[in-house]
Every structure is written in structure tokens, then in C-alpha cells.
Amino acid sequence: MMTRKKENKRRAVAVIAGMLLGISALSGCKGGSSDAVSKIQAAGSLEVAVCTQNNPYITLENGQAEGEEAELVNAIATALGVEATFTPVNTAEEAKEMVEAQEADLALGMITDQTDTKDTLALSNSYEEGRLYVLTQRGDYSDSPAAFADRSIGAAEQMEASSVNPFQSESQVYLYPSFEEAVRALKEGIVDAVLCHLDEGMQQLSDASLQMQNVKNVSSESYVLVLKKGETRLLSGINTIIGQYLDGQSVEDAAVAESGEEHSESSGEE
């Protein structure tokens, strides 16, 4: 269940976002505009394709969404004056394809800022930084590129270059077609460690022979929202919401200030 603090934060985000998206009662006339904001309002629903596979940031159960990504999307939907409808998919590519096919307004679910936009999609600012982890054999606490000097390390071919590159100069890096194959190489002693993200690593810890630790001194991946290219008003509003959402205290202060201004104006009219 969402705490009162989180609920207040979401409402505060909606106050600021609503003003900046221009969808308050003062600008409620839809007018026949064909941009995404107007289409979403006319439909009464923000359609969201979300990759739920191994995703710790959102859970979907009985039509209800919970988690950090759900809170962010619900803040956007509240600002637009609509409800969010989530469609679960298994991969980021499936989520992006739904946006391309106009079956969804947004795609998210640990989609990184390195994803291929194919010249038809746009990316929001980052709303979350995912840490890089490393799986090792039990008892091996190596946790930095320097600690793996002159050793071998595995990674899936899909692993972003920004995570792999820091290991290239001092370690022997082996890329595997899948994360599962890299883990198999670790268990067989072919590599000393495997690079991974939190969701991937957590699924392997049922094996008592393995352990996982956060990698130090390596930049993490950044997660973004995906929408159709050219929807500048929606993208601008979403980026504003992300900025305010990441700075909850500032949002709450702004919302309180806005409320105070309205109260002062009402008092002055009496």
C-alpha cells in the first residue's frame, strides 16, 4: 500500500505537472488538436506497455500496478486527468513495438537510455539509475575493475557497453549470447565473474555456490520512458514530472506554495 508521504508526493507532482502540461481547467478546451496530450485526454486513458520480466520496479496483479515505475506513470496520468492502463510484455522490444504501432502511448520497464530508437521513438530523461552488479563464486568478494585485473569476466552480449568497457583494459572479457550462458561459464570455472543487473543476479542467488556484489567505480545504466518521436508537448511534460518526482521535497514545497497563492488570492477577493 502506498504511504501517505508517497501519496502526497504524487499529488504534488500532479499539481506542478498539470500546470506545465497546460491541462488545468483554464485550458481544458481540447479544441481538436491532434497531439498526444489531446488524444490521451479524449480517450480517457494513458496506455502503457511495461516490460515486467525480472523487473523489481513494478508489479502487476489483478489489474493493479505497484512499485516505483507505477507511481511515476500514475503521476503522469493524474496530471493528464486520466487513468493509466498497463499492458505487460516480456521484453523492452515488445514494449517499444507497441508504441511504434500506436497501441501504447508510453513504454517502460527498465528500458535503458542506450536502447535503439529506430528514428521513430523518443526517450525521456532518466528516472532511475540501475546499479551494476557482479556474480562470483561464494567467497570471492571482488567488486571493482581493478580487482579483476588479469582475470576473466563474462557478460551477455546485450550488456550495455558503458558497463563492459571499464573491464576491457585489464581483464579478459568474454561475451555470451545470453546471460544464462555466461552464468553457466561461471559455474564451470571458465570465467571468474559475470556482470549483471540486480534483477538478473537476484534470480541466481538460489544457488548457494554463488554470491553477488555491487561493482564500484563503474557508471550504471539509466532507465527512461519511450514515446513516439515528435510528441514534444507530452515529452516536455513528462521530463518535468520526472525532474520533480526525483526531488520530492521541492515538489511538495512548490505545491504548498501554489496552494498558498490560491488562498491569498481568494482572501483578497473577499
# chains A, B, ... in the order shown; residues from 1 in each chain; ligands from 1
call {"tool": "select_by_dssp", "arguments": {"residues": "region 70-268 of chain A", "states": "strand (DSSP E or B)", "output": "VMD selection string"}}
result
chain A and resid 83 to 89 106 to 108 112 121 to 123 128 to 130 132 to 137 152 to 156 172 to 176 193 to 197 210 to 214 221 to 223 226 to 228
call {"tool": "write_last_selection", "arguments": {"atoms": "N, CA and C atoms", "output": "compact mmCIF listing (two decimals), in the first residue's frame"}}
result
# COMPACT_ATOMS: atom_id res chain seq x y z
N GLU A 83 -6.79 7.90 -16.35
CA GLU A 83 -6.29 6.74 -15.64
C GLU A 83 -5.22 6.05 -16.48
N ALA A 84 -4.27 5.43 -15.82
CA ALA A 84 -3.24 4.66 -16.53
C ALA A 84 -3.69 3.22 -16.69
N THR A 85 -3.51 2.68 -17.90
CA THR A 85 -3.81 1.29 -18.18
C THR A 85 -2.51 0.59 -18.58
N PHE A 86 -2.13 -0.44 -17.83
CA PHE A 86 -0.85 -1.11 -18.06
C PHE A 86 -1.05 -2.42 -18.82
N THR A 87 -0.24 -2.61 -19.87
CA THR A 87 -0.22 -3.87 -20.61
C THR A 87 1.14 -4.52 -20.42
N PRO A 88 1.21 -5.68 -19.75
CA PRO A 88 2.50 -6.32 -19.51
C PRO A 88 3.03 -7.02 -20.75
N VAL A 89 4.34 -6.90 -20.98
CA VAL A 89 5.02 -7.62 -22.05
C VAL A 89 6.31 -8.19 -21.48
N LEU A 106 3.02 5.09 -24.06
CA LEU A 106 4.34 5.06 -23.43
C LEU A 106 4.81 3.62 -23.29
N ALA A 107 6.12 3.45 -23.24
CA ALA A 107 6.72 2.16 -22.92
C ALA A 107 7.74 2.38 -21.81
N LEU A 108 7.78 1.44 -20.88
CA LEU A 108 8.80 1.50 -19.83
C LEU A 108 9.01 0.11 -19.28
N THR A 112 16.74 1.09 -21.05
CA THR A 112 17.87 1.97 -20.82
C THR A 112 17.94 3.08 -21.87
N LEU A 121 11.19 6.84 -32.38
CA LEU A 121 10.84 6.94 -30.98
C LEU A 121 11.67 8.01 -30.29
N ALA A 122 11.16 8.50 -29.18
CA ALA A 122 11.87 9.49 -28.37
C ALA A 122 12.03 8.96 -26.95
N LEU A 123 13.07 9.40 -26.27
CA LEU A 123 13.34 8.95 -24.91
C LEU A 123 13.20 10.12 -23.93
N GLU A 128 15.58 6.72 -13.20
CA GLU A 128 16.17 5.79 -12.24
C GLU A 128 17.54 5.35 -12.74
N GLU A 129 18.47 5.20 -11.82
CA GLU A 129 19.79 4.70 -12.15
C GLU A 129 19.91 3.26 -11.65
N GLY A 130 20.15 2.33 -12.55
CA GLY A 130 20.30 0.93 -12.15
C GLY A 130 21.76 0.62 -11.87
N LEU A 132 25.19 -1.57 -11.33
CA LEU A 132 25.82 -2.72 -11.96
C LEU A 132 26.31 -3.67 -10.87
N TYR A 133 26.06 -4.96 -11.05
CA TYR A 133 26.46 -5.97 -10.08
C TYR A 133 27.34 -7.01 -10.76
N VAL A 134 27.99 -7.83 -9.92
CA VAL A 134 28.81 -8.90 -10.44
C VAL A 134 28.54 -10.16 -9.64
N LEU A 135 28.32 -11.25 -10.37
CA LEU A 135 28.16 -12.57 -9.75
C LEU A 135 29.53 -13.24 -9.68
N THR A 136 29.84 -13.81 -8.52
CA THR A 136 31.10 -14.53 -8.35
C THR A 136 30.83 -15.83 -7.61
N GLN A 137 31.85 -16.65 -7.54
CA GLN A 137 31.76 -17.85 -6.71
C GLN A 137 31.74 -17.43 -5.24
N SER A 152 39.36 -13.28 -15.73
CA SER A 152 38.35 -13.35 -16.79
C SER A 152 36.97 -13.00 -16.24
N ILE A 153 36.20 -12.31 -17.06
CA ILE A 153 34.87 -11.89 -16.65
C ILE A 153 33.92 -12.07 -17.83
N GLY A 154 32.71 -12.56 -17.55
CA GLY A 154 31.73 -12.80 -18.60
C GLY A 154 30.59 -11.80 -18.55
N ALA A 155 29.92 -11.66 -19.68
CA ALA A 155 28.76 -10.76 -19.76
C ALA A 155 27.92 -11.17 -20.96
N ALA A 156 26.64 -10.87 -20.89
CA ALA A 156 25.78 -11.13 -22.04
C ALA A 156 26.07 -10.11 -23.13
N GLN A 172 40.20 -10.14 -19.12
CA GLN A 172 39.79 -10.85 -20.32
C GLN A 172 38.26 -10.94 -20.29
N VAL A 173 37.61 -10.25 -21.20
CA VAL A 173 36.14 -10.20 -21.20
C VAL A 173 35.60 -11.14 -22.27
N TYR A 174 34.68 -12.00 -21.85
CA TYR A 174 34.02 -12.93 -22.76
C TYR A 174 32.54 -12.55 -22.86
N LEU A 175 32.06 -12.35 -24.08
CA LEU A 175 30.65 -12.03 -24.29
C LEU A 175 29.91 -13.28 -24.74
N TYR A 176 28.76 -13.52 -24.12
CA TYR A 176 27.96 -14.71 -24.40
C TYR A 176 26.61 -14.31 -25.00
N ALA A 193 33.83 -14.29 -13.04
CA ALA A 193 32.68 -13.49 -12.62
C ALA A 193 31.80 -13.19 -13.83
N VAL A 194 30.59 -12.75 -13.54
CA VAL A 194 29.65 -12.36 -14.61
C VAL A 194 29.01 -11.03 -14.24
N LEU A 195 29.06 -10.08 -15.16
CA LEU A 195 28.40 -8.79 -14.95
C LEU A 195 26.90 -8.96 -15.08
N CYS A 196 26.15 -8.26 -14.24
CA CYS A 196 24.70 -8.39 -14.30
C CYS A 196 24.04 -7.17 -13.67
N HIS A 197 22.71 -7.11 -13.83
CA HIS A 197 21.92 -6.10 -13.14
C HIS A 197 21.16 -6.79 -12.00
N LEU A 210 26.96 -19.32 -5.38
CA LEU A 210 27.19 -18.00 -5.97
C LEU A 210 26.89 -16.89 -4.98
N GLN A 211 27.48 -15.72 -5.21
CA GLN A 211 27.16 -14.52 -4.45
C GLN A 211 27.19 -13.33 -5.40
N MET A 212 26.67 -12.20 -4.95
CA MET A 212 26.59 -11.02 -5.80
C MET A 212 26.96 -9.78 -5.01
N GLN A 213 27.70 -8.87 -5.64
CA GLN A 213 28.02 -7.60 -5.01
C GLN A 213 27.98 -6.46 -6.01
N ASN A 214 27.73 -5.25 -5.51
CA ASN A 214 27.68 -4.06 -6.35
C ASN A 214 29.09 -3.72 -6.83
N GLU A 221 23.52 1.92 -15.57
CA GLU A 221 22.61 2.21 -16.66
C GLU A 221 21.52 3.15 -16.20
N SER A 222 20.94 3.89 -17.13
CA SER A 222 19.88 4.84 -16.82
C SER A 222 18.59 4.38 -17.47
N TYR A 223 17.47 4.40 -16.72
CA TYR A 223 16.19 3.95 -17.24
C TYR A 223 15.35 5.14 -17.69
N VAL A 226 9.71 5.64 -23.05
CA VAL A 226 9.76 5.70 -24.51
C VAL A 226 8.40 6.15 -25.04
N LEU A 227 8.41 7.09 -25.98
CA LEU A 227 7.18 7.54 -26.62
C LEU A 227 7.46 7.85 -28.09
N LYS A 228 6.42 8.15 -28.84
CA LYS A 228 6.58 8.42 -30.27
C LYS A 228 7.36 9.71 -30.46
call {"tool": "select_by_dssp", "arguments": {"residues": "region 118-177 of chain A", "states": "alpha helix (DSSP H)", "output": "count of residues only"}}
result
8
call {"tool": "atom_distance", "arguments": {"atom1": "CA of Ser144 (chain A)", "atom2": "CA of Glu200 (chain A)"}}
result
18.6 Å
call {"tool": "closest_residue", "arguments": {"among": "A:Ser178, A:Ser169, A:Ser142, A:Gln158", "to": "Asp192 (chain A)", "atoms": "only C-alpha atoms"}}
result
A:Ser142
call {"tool": "closest_residue", "arguments": {"among": "A:Glu66, A:Asn74, A:Ile58, A:Leu80", "to": "Ala43 (chain A)", "atoms": "only C-alpha atoms"}}
result
A:Leu80
call {"tool": "closest_residue", "arguments": {"among": "A:Ala104, A:Met159, A:Ala182, A:Ile40", "to": "Leu234 (chain A)", "atoms": "only C-alpha atoms"}}
result
A:Ile40
